[in-house]
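Peer 1: Quick one: the structure is below, questions incoming.
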Amino acid sequence: MSQYYTATDHFVLVPAIMLALFGCAILLFDFWVFPEPKQRKWLLAFLALGEAFAGYGLWQQHTYIAGQGIAELTAFQGSLVVDGFSLFFNWMFIAAASIVALMSYRYLEVEGEHHGEYYSLILLAQCGMYFLASGADLITLFVGLELMALCFYIMVGFLRSDKRSNEAAMKYLLLGGFSSGFLAYGFSLLYGLSGSTKLSEIGVAIARRDPADPVLLLAMVTTTVGLLFKISAVPFHMWAPDAYEGAPTTVTAYLSVGSKAASIAFLLRIFLGPLASARAAWEPLLVFAAIASLTVGNLAAISQHNIKRLLAYSSISHAGYMLLGLVAGNETGIKGVAVYVLVYTFTNLGVFLVIVALRREGLVGDNIDDLAGLMHKSPGYALLMLICLLSLAGIPPTAGFIGKYYIFLSLIQAGRYVLAAAAALYVAVAIYYYFRIVRSMFMSDAEDAGAMETTFGVRVAAALTGLGTLGIGIFPEPFLRFAGQSLIR
Amino acid sequence: MLDTIFFYLFALLTLLGAVLTITRRSAVHSAISLIVSLVGVAGLFLLQRAEFLFAVQIVLYIGGIMLLFLFVIMLVNLDRAERERQFSKAWWLALACVVGVGAEIAYFLTKGPAAFQFPPGAASPGVASAAAGGNVERLADALFSEYLLPFEMASLLLLVAVVGSVILAKKRI
């Protein structure tokens, strides 16, 4: 330990070190120790070990912060910060990455593209997410974002012999690079305005400036554009449906929860941190993006026949709901966004899990008709799908209701009745297209009689997502308290 | 005086190279013109006493990236490309971009340095560590103390890029 790498720095960095270390270990072991295809299950054990060590590091941070009664712990001269917010999101990333890894094993076998690098990329992407949730410096945040995005570009194109997967990766790469350019431009202007890359110092400098300063507006608009791209909010959503449809389903699941949650964390850090004082300037932009996301997402989802595409549009509309929580801006709203992201993580993973479980030789399982008669074939998965779809639509007693409830409550508390009413109306639209899937599962007869082949891992993942979706809905108290601790102070 | 002459020299080099890059028919000529333009930029960096950026510009852009460009150009079928329409139909988009950036530059030129004045109290970079020595030393100092973490993260980023290119490009892995 030296003055450049203190004990505190190490303590704050431990989870990321573990993720990176085990990510690299998987690469090496895949090559030297476990070259046989059958031995790949050991890589899964490595991934679990990596998550366990990262979780242990997080747990230590958690108890330290709670024990000392401090709000945050900064490290690397203010580049990295551990607070309730970063802990909340990092716990979620661990859950998401673990569930995705559990459901990936058999899916990749069926696709014939089972390579050890996949698990390594899951961990390294999560490492990027760690920096996104706990970064407090523009450069750290940006490099973290690129680390995560790069892993996703590769994973989206993982089915190398599949045309759709290649196309999706290409589109995602180009548009992702384009949006990163916007973000970097905005960041450079923020640096120019404040003379520092630290979020706290930028916040102080911006608060001193005239809110109508054109340079500030330019910096804010370009940063906002970049961030909206990353959370796939309208009008910067074009990449989402193609990337979601073409990517391997397990990657789509990871993309829709991991990448989205990390980008939302990033967005909240920027907007509630350095840009908080320019609220009057960015609020109209976010209101527009939220309403446009709700409209386009919900209306375009109605006409989709491919479930992955449908879920892409539904995820666009969910981004709209999350933005509304930020627009409301009060404590309930921010807590609502945190709860919403948490709920969405479990619920969306559950939906994708059922699609992954359907996949077998000769059946892709991403068409709504492929789900026909699922109730008669395997009632367990049909039930999981039903619960998760109810939760996505926001119907009690599932978890989705809690998330939407807090968003609406915050809007009403902030006196934004029109927005609340519009958002509530779109729930009705959402119910319509989610129930198209339900109808196909319960009312139609099965078109093919082939039984579902599932593995232990898929069943464990199904249990976890189902428990999460129902559990948060029925016992929301501990989760709400946890989310309440996550507010940025 | 000498500085001014050199500035105009390098600026001319940069602009001339840039114009030639987009007007030459042959892709190889374009690439070489781009090298000329980049050398001009490197000279401008040197005039600003940014020796490190100058070296990076020469080694990375002119040495590494342009070499890659030339390789790619040699691999693609040039005869066919030369017969195709040379200018993109989306010229109005380019025009809009030029007008937008032009307006931005004009704004800052008219406003002068005041547009980028730091608010009172904010630490202005460079001034604080001016005593630490030359440009390269200061950069190294910042890179390995204040920005140690992003610097190390970049190594992970490069690792992922290498792994990714192998996965996506290799036939059998």
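Going by the structure tokens order, chains are called A, B, ..., each with residues numbered from 1, while ligands are numbered from 1 in the order shown.
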With 8 Å as the limit and counting only C-alpha atoms, what residues in chain A lie close to chain B? Please list them as a PyMOL selection string.

Peer 2: chain A and resi 4+20+76-77+79+115+117+121+124+139-140+143-144+146-147+150-151+154+157-158+160+192-196+201+205+208-209+215

Peer 1: Out of range 350-411 of chain A, which residues get helix (DSSP H, G or I) from DSSP, as a VMD selection string?

Peer 2: chain A and resid 350 to 358 368 to 371 374 to 377 379 to 393 399 to 411

Peer 1: Once you have the residues from the selection above, write them out as a CSV table (one decimal), in the first residue's frame, restricted to N, CA and C atoms.

Peer 2:
chain,number,residue,atom,x,y,z
A,350,GLY,N,-37.2,-13.4,-15.5
A,350,GLY,CA,-38.2,-14.5,-15.5
A,350,GLY,C,-38.8,-14.7,-16.8
A,351,VAL,N,-39.2,-13.6,-17.5
A,351,VAL,CA,-39.8,-13.8,-18.8
A,351,VAL,C,-38.8,-14.4,-19.8
A,352,PHE,N,-37.6,-13.8,-19.8
A,352,PHE,CA,-36.6,-14.3,-20.8
A,352,PHE,C,-36.2,-15.8,-20.4
A,353,LEU,N,-36.3,-16.1,-19.2
A,353,LEU,CA,-35.9,-17.5,-18.8
A,353,LEU,C,-36.9,-18.5,-19.4
A,354,VAL,N,-38.2,-18.1,-19.5
A,354,VAL,CA,-39.1,-19.0,-20.1
A,354,VAL,C,-38.8,-19.2,-21.5
A,355,ILE,N,-38.5,-18.1,-22.2
A,355,ILE,CA,-38.1,-18.2,-23.6
A,355,ILE,C,-36.9,-19.1,-23.8
A,356,VAL,N,-35.9,-18.9,-22.9
A,356,VAL,CA,-34.7,-19.7,-23.0
A,356,VAL,C,-35.0,-21.2,-22.8
A,357,ALA,N,-35.9,-21.4,-21.8
A,357,ALA,CA,-36.2,-22.8,-21.5
A,357,ALA,C,-36.9,-23.5,-22.7
A,358,LEU,N,-37.7,-22.7,-23.5
A,358,LEU,CA,-38.4,-23.2,-24.6
A,358,LEU,C,-37.4,-23.7,-25.7
A,368,ILE,N,-44.6,-15.7,-30.6
A,368,ILE,CA,-45.7,-15.8,-29.6
A,368,ILE,C,-46.4,-17.1,-29.8
A,369,ASP,N,-46.5,-17.6,-31.0
A,369,ASP,CA,-47.2,-18.9,-31.3
A,369,ASP,C,-46.4,-20.1,-30.7
A,370,ASP,N,-45.1,-19.9,-30.5
A,370,ASP,CA,-44.3,-21.0,-29.9
A,370,ASP,C,-44.7,-21.3,-28.5
A,371,LEU,N,-45.4,-20.3,-27.9
A,371,LEU,CA,-45.8,-20.5,-26.5
A,371,LEU,C,-47.2,-21.1,-26.4
A,374,LEU,N,-48.6,-23.7,-23.7
A,374,LEU,CA,-47.6,-24.0,-22.7
A,374,LEU,C,-48.2,-24.5,-21.4
A,375,MET,N,-49.4,-24.0,-21.1
A,375,MET,CA,-50.0,-24.4,-19.8
A,375,MET,C,-50.2,-25.9,-19.7
A,376,HIS,N,-50.5,-26.6,-20.9
A,376,HIS,CA,-50.7,-28.0,-20.9
A,376,HIS,C,-49.4,-28.8,-20.9
A,377,LYS,N,-48.4,-28.2,-21.5
A,377,LYS,CA,-47.1,-28.8,-21.6
A,377,LYS,C,-46.3,-28.8,-20.3
A,379,PRO,N,-46.9,-26.6,-16.9
A,379,PRO,CA,-47.7,-25.6,-16.2
A,379,PRO,C,-46.8,-24.7,-15.3
A,380,GLY,N,-45.7,-25.3,-14.8
A,380,GLY,CA,-44.8,-24.5,-14.0
A,380,GLY,C,-44.2,-23.3,-14.7
A,381,TYR,N,-43.7,-23.5,-15.9
A,381,TYR,CA,-43.2,-22.4,-16.7
A,381,TYR,C,-44.2,-21.4,-17.1
A,382,ALA,N,-45.4,-22.0,-17.5
A,382,ALA,CA,-46.5,-21.1,-17.8
A,382,ALA,C,-46.9,-20.2,-16.7
A,383,LEU,N,-46.9,-20.7,-15.5
A,383,LEU,CA,-47.3,-20.0,-14.3
A,383,LEU,C,-46.2,-18.9,-14.1
A,384,LEU,N,-44.9,-19.2,-14.2
A,384,LEU,CA,-43.8,-18.2,-14.0
A,384,LEU,C,-44.0,-17.1,-15.0
A,385,MET,N,-44.3,-17.5,-16.3
A,385,MET,CA,-44.5,-16.5,-17.3
A,385,MET,C,-45.7,-15.6,-16.9
A,386,LEU,N,-46.8,-16.2,-16.4
A,386,LEU,CA,-47.9,-15.4,-16.1
A,386,LEU,C,-47.6,-14.4,-15.0
A,387,ILE,N,-46.9,-14.9,-13.9
A,387,ILE,CA,-46.6,-14.0,-12.8
A,387,ILE,C,-45.7,-12.8,-13.3
A,388,CYS,N,-44.7,-13.2,-14.1
A,388,CYS,CA,-43.8,-12.1,-14.6
A,388,CYS,C,-44.5,-11.1,-15.5
A,389,LEU,N,-45.4,-11.6,-16.4
A,389,LEU,CA,-46.1,-10.7,-17.2
A,389,LEU,C,-47.1,-9.8,-16.4
A,390,LEU,N,-47.7,-10.4,-15.4
A,390,LEU,CA,-48.6,-9.5,-14.5
A,390,LEU,C,-47.7,-8.5,-13.9
A,391,SER,N,-46.5,-8.9,-13.5
A,391,SER,CA,-45.6,-7.9,-12.8
A,391,SER,C,-45.2,-6.8,-13.8
A,392,LEU,N,-44.9,-7.2,-15.0
A,392,LEU,CA,-44.5,-6.2,-16.0
A,392,LEU,C,-45.6,-5.2,-16.2
A,393,ALA,N,-46.9,-5.7,-16.2
A,393,ALA,CA,-48.0,-4.9,-16.4
A,393,ALA,C,-48.3,-4.0,-15.2
A,399,ALA,N,-44.6,-7.9,-7.9
A,399,ALA,CA,-43.7,-6.8,-7.5
A,399,ALA,C,-43.9,-5.6,-8.4
A,400,GLY,N,-44.3,-5.8,-9.7
A,400,GLY,CA,-44.4,-4.7,-10.6
A,400,GLY,C,-45.3,-3.6,-10.1
A,401,PHE,N,-46.3,-4.0,-9.3
A,401,PHE,CA,-47.3,-3.1,-8.8
A,401,PHE,C,-46.6,-2.1,-7.9
A,402,ILE,N,-45.7,-2.6,-7.0
A,402,ILE,CA,-45.0,-1.8,-6.0
A,402,ILE,C,-44.2,-0.7,-6.8
A,403,GLY,N,-43.5,-1.2,-7.8
A,403,GLY,CA,-42.7,-0.2,-8.6
A,403,GLY,C,-43.5,0.9,-9.2
A,404,LYS,N,-44.6,0.5,-9.9
A,404,LYS,CA,-45.4,1.5,-10.6
A,404,LYS,C,-46.1,2.4,-9.5
A,405,TYR,N,-46.5,1.8,-8.4
A,405,TYR,CA,-47.2,2.5,-7.4
A,405,TYR,C,-46.3,3.7,-6.9
A,406,TYR,N,-45.0,3.5,-6.6
A,406,TYR,CA,-44.2,4.5,-6.1
A,406,TYR,C,-43.9,5.6,-7.2
A,407,ILE,N,-43.8,5.2,-8.5
A,407,ILE,CA,-43.6,6.2,-9.5
A,407,ILE,C,-44.9,7.1,-9.6
A,408,PHE,N,-46.1,6.5,-9.6
A,408,PHE,CA,-47.3,7.3,-9.7
A,408,PHE,C,-47.4,8.2,-8.5
A,409,LEU,N,-47.2,7.6,-7.3
A,409,LEU,CA,-47.3,8.3,-6.0
A,409,LEU,C,-46.4,9.6,-6.1
A,410,SER,N,-45.1,9.4,-6.6
A,410,SER,CA,-44.2,10.5,-6.6
A,410,SER,C,-44.7,11.6,-7.5
A,411,LEU,N,-45.3,11.2,-8.7
A,411,LEU,CA,-45.8,12.2,-9.6
A,411,LEU,C,-46.9,13.0,-9.0

Peer 1: Which of these residues is nearest to Arg83 in chain B, using only C-alpha atoms: B:Gln57, B:Ser26, B:Thr21, B:Thr14?

Peer 2: B:Ser26

Peer 1: Which of these, A:Asn90, A:Thr249, A:Gln39, A:Ser259, has the shortest distance to Gly55 in chain A once you count only C-alpha atoms?

Peer 2: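 Among A:Asn90, A:Thr249, A:Gln39, A:Ser259, it is A:Asn90 that comes nearest to Gly55 in chain A.
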
Peer 1: Counting only C-alpha atoms, figure out which residue out of A:Ala262, A:Ile26, A:Ala54, A:Ile395 gets nearest to Val427 in chain A.

Peer 2: A:Ile395

Peer 1: Counting only C-alpha atoms, what is within 12 Å of Ala483 in chain A, bar same-chain residues fewer than 6 positions away, as an MDAnalysis selection string?

Peer 2: chainID A and resid 83:89 91:92 331:343 403 406 472 476:477

Peer 1: Choose the residue, out of A:Ile206, A:Ala292, A:Ile231, A:Leu138, that has the smallest atom-to-atom separation from Leu255 in chain A; count only C-alpha atoms.

Peer 2: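 The answer is A:Ile231, which sits nearest to Leu255 in chain A.
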